[in-house]
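Student: File follows, work19.cif with mmCIF, C-alpha atoms:
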```
data_target
loop_
_atom_site.label_atom_id
_atom_site.label_comp_id
_atom_site.auth_asym_id
_atom_site.auth_seq_id
_atom_site.Cartn_x
_atom_site.Cartn_y
_atom_site.Cartn_z
CA MET A 1 -25.42 16.45 -59.72
CA GLU A 2 -26.56 16.22 -56.12
CA PRO A 3 -24.53 14.42 -53.44
CA ASP A 4 -25.95 11.51 -51.43
CA VAL A 5 -27.91 12.94 -48.49
CA TYR A 6 -26.20 10.42 -46.22
CA LEU A 7 -22.51 10.72 -45.42
CA ASP A 8 -20.45 7.56 -45.08
CA ASP A 9 -17.61 7.00 -42.68
CA GLU A 10 -14.34 7.13 -44.54
CA ASP A 11 -10.75 7.17 -43.42
CA GLU A 12 -10.05 10.66 -42.16
CA GLN A 13 -8.07 12.56 -44.74
CA THR A 14 -5.82 15.60 -44.57
CA VAL A 15 -6.43 18.38 -47.07
CA VAL A 16 -4.13 21.36 -47.64
CA PHE A 17 -5.27 24.55 -49.34
CA VAL A 18 -2.53 26.81 -50.69
CA VAL A 19 -3.99 30.30 -50.91
CA THR A 20 -2.15 32.91 -52.97
CA SER A 21 -5.22 35.07 -53.65
CA GLY A 22 -5.65 38.20 -51.60
CA PRO A 23 -7.52 41.47 -51.34
CA SER A 24 -6.81 42.44 -54.98
CA THR A 25 -9.17 39.60 -56.03
CA PRO A 26 -11.89 39.59 -53.36
CA GLN A 27 -14.14 37.22 -55.35
CA ARG A 28 -11.53 34.51 -54.76
CA CYS A 29 -11.28 35.02 -51.01
CA ALA A 30 -14.38 33.39 -49.48
CA THR A 31 -14.34 29.94 -51.10
CA PRO A 32 -11.22 28.57 -49.36
CA PHE A 33 -12.83 29.15 -45.97
CA TYR A 34 -16.29 27.95 -47.01
CA LEU A 35 -14.94 24.74 -48.52
CA GLY A 36 -12.50 24.31 -45.66
CA ALA A 37 -15.32 24.53 -43.12
CA LEU A 38 -17.36 22.01 -45.08
CA LEU A 39 -14.48 19.53 -45.35
CA ALA A 40 -13.64 19.92 -41.67
CA SER A 41 -17.25 19.21 -40.75
CA MET A 42 -16.93 16.01 -42.83
CA ASP A 43 -14.04 14.92 -40.54
CA ALA A 44 -11.17 16.00 -42.82
CA GLU A 45 -8.14 17.63 -41.21
CA VAL A 46 -7.87 20.92 -43.09
CA HIS A 47 -4.87 23.24 -43.22
CA ILE A 48 -4.92 26.53 -45.11
CA PHE A 49 -1.48 27.90 -45.93
CA PHE A 50 -1.37 31.54 -47.01
CA THR A 51 1.54 32.64 -49.14
CA MET A 52 2.29 35.38 -51.70
CA GLU A 53 -0.61 37.87 -51.66
CA GLY A 54 -2.61 35.49 -49.49
CA VAL A 55 -0.71 36.70 -46.43
CA ASN A 56 -2.39 40.09 -46.82
CA LEU A 57 -5.75 38.46 -46.07
CA MET A 58 -4.45 37.76 -42.59
CA ARG A 59 -3.47 41.37 -41.92
CA VAL A 60 -5.54 43.00 -39.17
CA GLY A 61 -8.27 45.14 -40.73
CA VAL A 62 -8.24 43.58 -44.21
CA ALA A 63 -10.67 40.66 -43.92
CA GLU A 64 -12.93 42.73 -41.70
CA ALA A 65 -13.53 45.15 -44.59
CA LEU A 66 -13.50 42.72 -47.51
CA VAL A 67 -16.48 41.00 -49.16
CA ALA A 68 -16.44 38.51 -52.03
CA MET A 69 -19.60 39.95 -53.53
CA GLU A 70 -21.54 43.16 -53.12
CA GLY A 71 -23.70 43.00 -50.01
CA GLY A 72 -22.15 39.69 -48.98
CA LYS A 73 -20.73 38.49 -45.69
CA THR A 74 -17.31 39.82 -44.76
CA ILE A 75 -14.31 37.53 -45.26
CA ILE A 76 -13.58 37.63 -41.54
CA GLY A 77 -16.97 35.97 -41.05
CA PHE A 78 -15.95 33.14 -43.40
CA ILE A 79 -12.61 32.86 -41.60
CA ARG A 80 -14.30 32.52 -38.23
CA ASP A 81 -16.73 29.90 -39.56
CA ALA A 82 -13.76 27.88 -40.81
CA LYS A 83 -11.95 28.21 -37.50
CA ARG A 84 -15.04 27.12 -35.59
CA ALA A 85 -15.20 24.01 -37.79
CA GLY A 86 -11.58 23.18 -36.93
CA VAL A 87 -9.58 24.52 -39.87
CA VAL A 88 -5.92 25.33 -39.09
CA LEU A 89 -4.49 28.56 -40.54
CA HIS A 90 -0.81 28.98 -41.43
CA VAL A 91 0.86 32.15 -42.69
CA CYS A 92 4.06 31.93 -44.72
CA ARG A 93 6.84 33.63 -42.81
CA PRO A 94 9.11 34.24 -45.83
CA ALA A 95 6.26 36.05 -47.62
CA LEU A 96 5.70 38.61 -44.88
CA PRO A 97 8.51 41.09 -45.72
CA GLY A 98 7.36 41.45 -49.32
CA TYR A 99 4.08 42.85 -48.03
CA GLU A 100 5.71 44.84 -45.20
CA LEU A 101 3.79 42.70 -42.77
CA GLU A 102 4.94 41.98 -39.23
CA GLU A 103 3.77 38.96 -37.26
CA ASP A 104 2.12 41.17 -34.65
CA ALA A 105 -0.09 42.68 -37.36
CA LEU A 106 -1.76 39.33 -38.10
CA ILE A 107 -5.31 38.57 -36.99
CA ASP A 108 -5.81 36.41 -33.90
CA GLU A 109 -7.33 33.61 -35.98
CA VAL A 110 -3.88 32.67 -37.38
CA ASP A 111 -2.63 29.47 -35.75
CA HIS A 112 0.94 29.31 -37.05
CA VAL A 113 3.48 31.50 -38.79
CA SER A 114 5.42 28.85 -40.66
CA GLY A 115 8.39 28.47 -42.94
CA ALA A 116 8.40 26.85 -46.35
CA GLY A 117 9.51 23.57 -44.80
CA VAL A 118 6.18 23.27 -43.00
CA LEU A 119 4.33 23.74 -46.28
CA ALA A 120 6.59 21.19 -47.94
CA ASP A 121 5.91 18.65 -45.18
CA LEU A 122 2.16 19.30 -45.38
CA ILE A 123 2.13 18.80 -49.14
CA LEU A 124 4.15 15.60 -49.01
CA SER A 125 2.18 14.06 -46.16
CA CYS A 126 -1.41 15.08 -46.95
CA ASP A 127 -4.02 13.33 -49.08
CA LYS A 128 -5.15 16.27 -51.23
CA VAL A 129 -3.73 19.69 -52.16
CA VAL A 130 -5.98 22.44 -53.52
CA SER A 131 -4.75 25.85 -54.64
CA PHE A 132 -6.72 29.08 -54.67
CA MET B 1 -43.01 29.59 -26.92
CA GLN B 2 -40.78 32.49 -25.80
CA ALA B 3 -38.64 34.82 -27.93
CA CYS B 4 -35.78 37.33 -27.87
CA ASN B 5 -35.26 39.69 -30.84
CA GLY B 6 -37.69 37.51 -32.75
CA CYS B 7 -35.64 34.37 -32.02
CA GLU B 8 -38.04 31.72 -30.80
CA PHE B 9 -37.22 29.48 -27.86
CA ILE B 10 -38.94 26.40 -26.47
CA GLY B 11 -38.28 25.85 -22.78
CA THR B 12 -38.88 22.10 -22.81
CA LEU B 13 -36.01 21.42 -25.21
CA HIS B 14 -32.34 21.01 -24.27
CA TYR B 15 -29.66 23.33 -25.69
CA ASP B 16 -25.87 23.29 -26.02
CA PRO B 17 -24.06 26.17 -24.25
CA GLU B 18 -23.85 28.21 -27.48
CA PHE B 19 -27.45 27.47 -28.50
CA GLN B 20 -26.45 26.03 -31.85
CA ILE B 21 -28.63 22.94 -31.56
CA TRP B 22 -31.67 21.75 -29.65
CA VAL B 23 -32.21 18.21 -28.41
CA ARG B 24 -35.49 16.53 -27.48
CA ARG B 25 -35.92 13.33 -25.48
CA GLU B 26 -37.96 10.64 -27.18
CA GLN B 27 -39.58 7.51 -25.81
CA GLY B 28 -37.21 4.58 -25.86
CA GLY B 29 -34.16 6.64 -24.98
CA THR B 30 -33.39 8.17 -28.35
CA LEU B 31 -32.78 11.89 -28.85
CA THR B 32 -33.91 14.15 -31.66
CA VAL B 33 -31.51 16.89 -32.82
CA GLY B 34 -32.27 20.12 -34.69
CA MET B 35 -30.95 23.64 -35.33
CA THR B 36 -32.08 26.55 -33.19
CA ASP B 37 -33.77 29.63 -34.59
CA ILE B 38 -30.46 31.44 -33.97
CA SER B 39 -28.52 28.92 -36.06
CA GLN B 40 -30.89 28.91 -39.01
CA THR B 41 -30.86 32.72 -39.04
CA VAL B 42 -27.06 32.91 -38.93
CA ALA B 43 -26.78 30.30 -41.70
CA GLY B 44 -29.24 32.00 -44.05
CA LYS B 45 -31.19 30.05 -46.64
CA ILE B 46 -30.11 26.44 -46.24
CA LEU B 47 -29.45 24.67 -49.52
CA HIS B 48 -28.06 21.26 -48.55
CA VAL B 49 -28.12 18.99 -45.51
CA ARG B 50 -26.22 15.72 -45.28
CA VAL B 51 -26.59 13.41 -42.30
CA ARG B 52 -24.23 10.64 -41.27
CA ARG B 53 -25.57 7.31 -42.49
CA PRO B 54 -27.85 5.49 -40.00
CA GLY B 55 -25.88 3.04 -37.89
CA THR B 56 -22.78 5.26 -37.84
CA ARG B 57 -21.27 5.90 -34.42
CA ARG B 58 -20.33 9.51 -33.76
CA PRO B 59 -18.19 10.36 -30.74
CA ALA B 60 -18.54 13.71 -29.00
CA GLY B 61 -17.04 16.42 -31.20
CA LYS B 62 -17.79 14.63 -34.48
CA PRO B 63 -20.72 16.29 -36.27
CA VAL B 64 -23.93 14.39 -36.92
CA ALA B 65 -24.59 16.33 -40.13
CA THR B 66 -23.28 19.07 -42.39
CA VAL B 67 -25.21 22.10 -43.56
CA GLU B 68 -24.59 24.39 -46.53
CA SER B 69 -26.19 27.73 -47.24
CA GLY B 70 -25.12 30.42 -49.66
CA LYS B 71 -22.95 32.09 -47.04
CA TRP B 72 -22.22 29.41 -44.48
CA ALA B 73 -21.00 25.83 -44.47
CA GLY B 74 -20.29 23.79 -41.43
CA PRO B 75 -21.23 21.12 -38.97
CA VAL B 76 -24.32 20.36 -36.97
CA PRO B 77 -22.23 19.89 -33.85
CA ASN B 78 -22.42 16.87 -31.63
CA PHE B 79 -21.72 16.92 -27.91
CA PHE B 80 -22.12 13.27 -26.89
CA ASP B 81 -21.24 9.78 -28.09
CA CYS B 82 -24.13 8.46 -30.16
CA VAL B 83 -25.26 6.26 -33.03
CA ILE B 84 -27.26 7.78 -35.88
CA VAL B 85 -30.74 6.26 -36.05
CA GLU B 86 -32.15 8.24 -38.97
CA GLY B 87 -32.13 11.54 -40.81
CA ASN B 88 -35.37 13.44 -41.27
CA PRO B 89 -36.48 12.50 -44.82
CA ALA B 90 -38.48 15.72 -45.15
CA VAL B 91 -35.48 17.90 -44.33
CA LEU B 92 -33.13 15.89 -46.52
CA ALA B 93 -35.53 16.42 -49.41
CA ASP B 94 -36.20 20.09 -48.63
CA PRO B 95 -33.47 21.65 -46.44
CA ALA B 96 -35.22 25.05 -46.43
CA LEU B 97 -37.67 23.56 -43.92
CA LEU B 98 -34.94 24.28 -41.35
CA ASN B 99 -35.41 27.98 -42.06
CA ALA B 100 -39.18 27.90 -42.07
CA ASP B 101 -39.74 25.75 -38.98
CA PRO B 102 -36.49 25.13 -37.05
CA TYR B 103 -38.16 23.45 -34.08
CA GLY B 104 -40.45 21.28 -36.16
CA ALA B 105 -37.94 20.35 -38.84
CA TRP B 106 -35.59 18.08 -36.94
CA ILE B 107 -32.36 16.89 -38.58
CA SER B 108 -31.49 13.54 -37.08
CA ARG B 109 -32.53 11.07 -34.44
CA VAL B 110 -29.71 9.48 -32.47
CA GLU B 111 -29.20 6.87 -29.78
CA PRO B 112 -26.83 8.11 -27.06
CA THR B 113 -24.45 5.30 -26.18
CA GLY B 114 -24.30 6.26 -22.50
CA GLY B 115 -28.01 6.97 -22.14
CA ALA B 116 -30.00 10.17 -22.48
CA ASP B 117 -29.32 11.47 -18.97
CA LEU B 118 -25.56 11.36 -19.44
CA ALA B 119 -25.80 12.84 -22.93
CA LEU B 120 -27.82 15.81 -21.71
CA ALA B 121 -25.87 16.41 -18.51
CA ASP B 122 -24.14 19.53 -19.86
CA PHE B 123 -27.12 20.87 -21.80
CA LEU B 124 -29.27 23.75 -20.66
CA THR B 125 -33.05 23.78 -20.45
CA GLY B 126 -35.91 25.86 -19.05
CA ASP B 127 -35.40 29.32 -17.59
CA ALA B 128 -31.62 28.98 -17.29
CA ALA B 129 -31.40 28.18 -20.98
CA PHE B 130 -33.65 31.11 -21.89
CA VAL B 131 -31.37 33.53 -20.06
CA GLY B 132 -28.31 32.30 -21.95
CA TYR B 133 -30.19 32.18 -25.23
CA CYS B 134 -31.24 35.83 -24.91
CA GLU B 135 -27.72 36.78 -23.86
CA ARG B 136 -26.26 35.36 -27.09
CA VAL B 137 -28.97 37.02 -29.18
CA ARG B 138 -28.29 40.41 -27.62
CA ASN B 139 -24.50 40.13 -27.51
CA GLU B 140 -24.36 39.29 -31.21
CA ASP B 141 -27.29 41.53 -32.14
CA ILE B 142 -29.09 38.69 -33.89
CA GLN B 143 -32.55 39.41 -35.32
CA CYS B 144 -34.16 36.14 -36.25
CA GLU B 145 -36.12 35.80 -39.44
CA ARG B 146 -37.96 32.93 -41.00
CA ARG B 147 -37.52 32.24 -44.69
CA THR B 148 -40.50 30.57 -46.24
CA GLU B 149 -39.66 30.82 -49.95
#
```
Would you write out, as structure tokens, the structure that this file holds?

Tutor:
Amino acid sequence: MEPDVYLDDEDEQTVVFVVTSGPSTPQRCATPFYLGALLASMDAEVHIFFTMEGVNLMRVGVAEALVAMEGGKTIIGFIRDAKRAGVVLHVCRPALPGYELEEDALIDEVDHVSGAGVLADLILSCDKVVSF
Amino acid sequence: MQACNGCEFIGTLHYDPEFQIWVRREQGGTLTVGMTDISQTVAGKILHVRVRRPGTRRPAGKPVATVESGKWAGPVPNFFDCVIVEGNPAVLADPALLNADPYGAWISRVEPTGGADLALADFLTGDAAFVGYCERVRNEDIQCERRTE
């Protein structure tokens, strides 16, 4: 099925991605950013919230060396595309200690280090939630 | 036609400060928008293009179209308040034309609400644009290539 080549104006929606995938499953790590960039370019407000192993994707040096497929673009490239399109990145503060991760070891692209309450508010107030 | 690292450049067009799009003045005050050779190279083989429906008003910052390739998805950025006049039917039917002929395969034609002069006030053109264009190409080590398949 192909989408209509013309995009209609719709009420702007907020979409939240909850990302628990991380470097142990690299094939799962590009799509959240690709789809996030696409939705943001269609006027959606997109938040990606990394928790569980997802926080490790935001560790300095990880996304720079990770690809979703052999010979593919690095995950940091997908992250930067998403940021350029306006996607907001949150890292779960309570998940950091489990991965021995300090806030100052996160990549510059992270917008917020947030508690579970922020995720709860996002989920309850947004239009769509997608988990990866 | 000029070029840097194989990235073609046309001095008579107008470019945003990051050289993502080109804009051409048309008779009657409309503007034609397309992707630069840099943008089509960075995107890779383009698979889908969707343009805002004709008649839609798009303020500055709201994209006029979205583009998807195998490795990149994102906006065709918009820098001025405008109304969409039309999408290029040829590109909508065959998005890979953007890879093969980025300066011939335009994406959309728009009517700037404040007039063409105001819309293009912050765009670069001519020699000044070529300097900036080459700077981006060299800083990011971009080697442009045309996909014709």

Student: Report as a compact mmCIF listing (two decimals) with C-alpha atoms, in the coordinates of the input all protein, DNA and RNA residues lying within 10 Å of B:Ile46, evaluated on only C-alpha atoms, omitting residues in the same chain fewer than 5 positions from it.

Tutor:
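To be explicit, this is the file written out as result.txt:
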```txt
# COMPACT_ATOMS: atom_id res chain seq x y z
CA GLN B 40 -30.89 28.91 -39.01
CA THR B 41 -30.86 32.72 -39.04
CA VAL B 67 -25.21 22.10 -43.56
CA GLU B 68 -24.59 24.39 -46.53
CA SER B 69 -26.19 27.73 -47.24
CA GLY B 70 -25.12 30.42 -49.66
CA LYS B 71 -22.95 32.09 -47.04
CA TRP B 72 -22.22 29.41 -44.48
CA ALA B 73 -21.00 25.83 -44.47
CA ASP B 94 -36.20 20.09 -48.63
CA PRO B 95 -33.47 21.65 -46.44
CA ALA B 96 -35.22 25.05 -46.43
CA LEU B 97 -37.67 23.56 -43.92
CA LEU B 98 -34.94 24.28 -41.35
CA ASN B 99 -35.41 27.98 -42.06
CA ARG B 147 -37.52 32.24 -44.69
```

Student: Using all atoms listed in the file, I'd like every residue of chain A that has an atom within 7 Å of chain B; please write them out as number ranges by chain.

Tutor: A: 5-8, 34, 37-38, 41, 73, 85

Student: Write out as an mmCIF file with C-alpha atoms, keeping the file's coordinate frame the residues lying within 7 Å of B:Cys7, counting only C-alpha atoms and excluding same-chain residues fewer than 5 positions away.

Tutor:
```cif
data_model
loop_
_atom_site.group_PDB
_atom_site.id
_atom_site.type_symbol
_atom_site.label_atom_id
_atom_site.label_comp_id
_atom_site.auth_asym_id
_atom_site.auth_seq_id
_atom_site.Cartn_x
_atom_site.Cartn_y
_atom_site.Cartn_z
ATOM 1 C CA ASP B 37 -33.770 29.630 -34.590
ATOM 2 C CA ILE B 38 -30.460 31.440 -33.970
ATOM 3 C CA GLN B 143 -32.550 39.410 -35.320
ATOM 4 C CA CYS B 144 -34.160 36.140 -36.250
#
```

Student: Give as a list in words each residue that has an atom at most 10 Å from (-7.6, 37.5, -49.9) in the file, counting all atoms listed in the file.

Tutor: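 Output: Val19, Thr20, Ser21, Gly22, Pro23, Ser24, Thr25, Pro26, Gln27, Arg28, Cys29, Ala30, Pro32, Phe50, Glu53, Gly54, Val55, Asn56, Leu57, Met58, Arg59, Val62, Ala63, Leu66, Val67, Ala68, Ile75 and Phe132 of chain A.
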
Student: Which residues match the PyMOL selection byres ((chain A and resi 127) around 9) in the file above, as number ranges by chain?

Tutor: A: 13-16, 123-126, 128-129

Student: Ranking B:Leu31, B:Ala121, B:Pro102, B:Gly132 by minimum distance to B:Val83 and counting all atoms listed in the file, which one comes first?

Tutor: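 Distance minimum relative to B:Val83 lands on B:Leu31.
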
Student: Between atom CA of A:Ala65 and atom CA of A:Gly115, measure the distance and give it in Å to one decimal.

Tutor: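 Separation between atom CA of A:Ala65 and atom CA of A:Gly115: 27.6 Å.
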
Student: Would you please work out which residue, of A:Asp108, A:Glu10, A:Asp43, A:Glu70, is nearest to B:Pro59 when using all atoms listed in the file?

Tutor: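 For B:Pro59, the nearest of the given residues is A:Asp43.
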
Student: I'd like to know which of A:Leu39, A:Met69, A:Val130, A:Cys92 is closest to A:Val18, using all atoms listed in the file.

Tutor: A:Val130

Student: For B:Arg138, list every protein, DNA or RNA residue within 12 Å, evaluated using all atoms listed in the file, and leave out those in the same chain fewer than 2 positions away; present the list as number ranges by chain.

Tutor: B: 3-7, 38, 131-136, 140-144

Student: Tell me which protein, DNA and RNA residues are within 12 Å of B:Asp117, counting all atoms listed in the file, leaving out same-chain ones fewer than 3 positions away, and put them as a ChimeraX atom specification.

Tutor: /B:14,23-26,29-31,80,111-114,120-123

Student: Rounded to one decimal in Å, what is the spacing between atom CA of B:Thr125 and atom CA of B:Ile107?

Tutor: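 The value is 19.4 Å.
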
Student: Work out how far atom CA of B:Gly28 is from atom CA of B:Met1, in Å to one decimal.

Tutor: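 Separation of atom CA of B:Met1 and atom CA of B:Gly28: 25.7 Å.
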
Student: Using the chain letters and numbers from the file, which residues does the PyMOL selection byres ((chain A and resi 89) around 8) grab, as JSON, numbers by chain?

Tutor: {"A": [47, 48, 49, 50, 87, 88, 90, 91, 109, 110, 111, 112]}

Student: Have a look at A:Leu35, A:Met1, A:Met42, A:Met52 and name the one nearest to A:Pro97; count only C-alpha atoms.

Tutor: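 Using only C-alpha atoms, the shortest distance to A:Pro97 belongs to A:Met52.
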
Student: Choose the residue, out of A:Thr51, A:Phe78, A:Val60, A:Pro3, that has the smallest atom-to-atom separation from A:Ser114; count only C-alpha atoms.

Tutor: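 Of the candidates, the smallest distance to A:Ser114 is held by A:Thr51.
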
Student: Please determine, counting all atoms listed in the file, which residue among A:Glu2, A:Lys83, A:Ala105, A:Asp9 has the shortest atom-to-atom distance to A:Ala40.

Tutor: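 Of the candidates, the smallest distance to A:Ala40 is held by A:Lys83.
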
Student: Kindly reconstruct stretch 8-41 of chain B with N, CA and C atoms and present the result as an mmCIF file, in the frame of the given file.

Tutor:
```cif
data_model
loop_
_atom_site.group_PDB
_atom_site.id
_atom_site.type_symbol
_atom_site.label_atom_id
_atom_site.label_comp_id
_atom_site.auth_asym_id
_atom_site.auth_seq_id
_atom_site.Cartn_x
_atom_site.Cartn_y
_atom_site.Cartn_z
ATOM 1 N N GLU B 8 -37.153 32.532 -31.626
ATOM 2 C CA GLU B 8 -38.040 31.720 -30.800
ATOM 3 C C GLU B 8 -37.266 30.708 -29.977
ATOM 4 N N PHE B 9 -37.859 30.353 -28.841
ATOM 5 C CA PHE B 9 -37.220 29.480 -27.860
ATOM 6 C C PHE B 9 -38.300 28.603 -27.253
ATOM 7 N N ILE B 10 -37.998 27.324 -27.105
ATOM 8 C CA ILE B 10 -38.940 26.400 -26.470
ATOM 9 C C ILE B 10 -38.300 25.842 -25.216
ATOM 10 N N GLY B 11 -38.895 26.156 -24.078
ATOM 11 C CA GLY B 11 -38.280 25.850 -22.780
ATOM 12 C C GLY B 11 -38.161 24.376 -22.465
ATOM 13 N N THR B 12 -38.938 23.536 -23.133
ATOM 14 C CA THR B 12 -38.880 22.100 -22.810
ATOM 15 C C THR B 12 -37.761 21.370 -23.541
ATOM 16 N N LEU B 13 -37.124 22.042 -24.487
ATOM 17 C CA LEU B 13 -36.010 21.420 -25.210
ATOM 18 C C LEU B 13 -34.703 21.614 -24.445
ATOM 19 N N HIS B 14 -33.672 20.900 -24.866
ATOM 20 C CA HIS B 14 -32.340 21.010 -24.270
ATOM 21 C C HIS B 14 -31.410 21.678 -25.285
ATOM 22 N N TYR B 15 -30.504 22.531 -24.792
ATOM 23 C CA TYR B 15 -29.660 23.330 -25.690
ATOM 24 C C TYR B 15 -28.194 23.215 -25.277
ATOM 25 N N ASP B 16 -27.306 23.238 -26.309
ATOM 26 C CA ASP B 16 -25.870 23.290 -26.020
ATOM 27 C C ASP B 16 -25.538 24.695 -25.486
ATOM 28 N N PRO B 17 -24.373 24.870 -24.892
ATOM 29 C CA PRO B 17 -24.060 26.170 -24.250
ATOM 30 C C PRO B 17 -24.019 27.367 -25.209
ATOM 31 N N GLU B 18 -23.833 27.098 -26.523
ATOM 32 C CA GLU B 18 -23.850 28.210 -27.480
ATOM 33 C C GLU B 18 -25.166 28.289 -28.246
ATOM 34 N N PHE B 19 -26.103 27.437 -27.897
ATOM 35 C CA PHE B 19 -27.450 27.470 -28.500
ATOM 36 C C PHE B 19 -27.411 27.276 -30.015
ATOM 37 N N GLN B 20 -26.514 26.360 -30.428
ATOM 38 C CA GLN B 20 -26.450 26.030 -31.850
ATOM 39 C C GLN B 20 -27.487 24.968 -32.209
ATOM 40 N N ILE B 21 -27.684 24.034 -31.290
ATOM 41 C CA ILE B 21 -28.630 22.940 -31.560
ATOM 42 C C ILE B 21 -29.615 22.808 -30.405
ATOM 43 N N TRP B 22 -30.738 22.174 -30.704
ATOM 44 C CA TRP B 22 -31.670 21.750 -29.650
ATOM 45 C C TRP B 22 -31.745 20.225 -29.678
ATOM 46 N N VAL B 23 -32.080 19.661 -28.530
ATOM 47 C CA VAL B 23 -32.210 18.210 -28.410
ATOM 48 C C VAL B 23 -33.495 17.904 -27.649
ATOM 49 N N ARG B 24 -34.227 16.923 -28.141
ATOM 50 C CA ARG B 24 -35.490 16.530 -27.480
ATOM 51 C C ARG B 24 -35.415 15.049 -27.115
ATOM 52 N N ARG B 25 -35.841 14.740 -25.907
ATOM 53 C CA ARG B 25 -35.920 13.330 -25.480
ATOM 54 C C ARG B 25 -37.101 12.655 -26.166
ATOM 55 N N GLU B 26 -36.873 11.423 -26.587
ATOM 56 C CA GLU B 26 -37.960 10.640 -27.180
ATOM 57 C C GLU B 26 -38.166 9.385 -26.340
ATOM 58 N N GLN B 27 -39.328 8.774 -26.508
ATOM 59 C CA GLN B 27 -39.580 7.510 -25.810
ATOM 60 C C GLN B 27 -38.609 6.462 -26.329
ATOM 61 N N GLY B 28 -38.135 5.627 -25.445
ATOM 62 C CA GLY B 28 -37.210 4.580 -25.860
ATOM 63 C C GLY B 28 -35.761 4.989 -25.726
ATOM 64 N N GLY B 29 -35.529 6.224 -25.268
ATOM 65 C CA GLY B 29 -34.160 6.640 -24.980
ATOM 66 C C GLY B 29 -33.419 7.318 -26.108
ATOM 67 N N THR B 30 -34.064 7.464 -27.268
ATOM 68 C CA THR B 30 -33.390 8.170 -28.350
ATOM 69 C C THR B 30 -33.539 9.677 -28.153
ATOM 70 N N LEU B 31 -32.746 10.425 -28.914
ATOM 71 C CA LEU B 31 -32.780 11.890 -28.850
ATOM 72 C C LEU B 31 -32.944 12.434 -30.270
ATOM 73 N N THR B 32 -33.719 13.488 -30.382
ATOM 74 C CA THR B 32 -33.910 14.150 -31.660
ATOM 75 C C THR B 32 -33.110 15.455 -31.648
ATOM 76 N N VAL B 33 -32.408 15.737 -32.756
ATOM 77 C CA VAL B 33 -31.510 16.890 -32.820
ATOM 78 C C VAL B 33 -31.972 17.828 -33.939
ATOM 79 N N GLY B 34 -31.934 19.125 -33.660
ATOM 80 C CA GLY B 34 -32.270 20.120 -34.690
ATOM 81 C C GLY B 34 -31.471 21.390 -34.500
ATOM 82 N N MET B 35 -31.632 22.334 -35.409
ATOM 83 C CA MET B 35 -30.950 23.640 -35.330
ATOM 84 C C MET B 35 -31.866 24.625 -34.618
ATOM 85 N N THR B 36 -31.270 25.519 -33.843
ATOM 86 C CA THR B 36 -32.080 26.550 -33.190
ATOM 87 C C THR B 36 -32.449 27.645 -34.194
ATOM 88 N N ASP B 37 -33.385 28.480 -33.758
ATOM 89 C CA ASP B 37 -33.770 29.630 -34.590
ATOM 90 C C ASP B 37 -32.555 30.533 -34.819
ATOM 91 N N ILE B 38 -31.698 30.652 -33.820
ATOM 92 C CA ILE B 38 -30.460 31.440 -33.970
ATOM 93 C C ILE B 38 -29.619 30.855 -35.099
ATOM 94 N N SER B 39 -29.407 29.552 -35.073
ATOM 95 C CA SER B 39 -28.520 28.920 -36.060
ATOM 96 C C SER B 39 -29.054 29.043 -37.475
ATOM 97 N N GLN B 40 -30.359 28.826 -37.645
ATOM 98 C CA GLN B 40 -30.890 28.910 -39.010
ATOM 99 C C GLN B 40 -30.830 30.351 -39.522
ATOM 100 N N THR B 41 -30.950 31.317 -38.620
ATOM 101 C CA THR B 41 -30.860 32.720 -39.040
ATOM 102 C C THR B 41 -29.426 33.053 -39.441
#
```
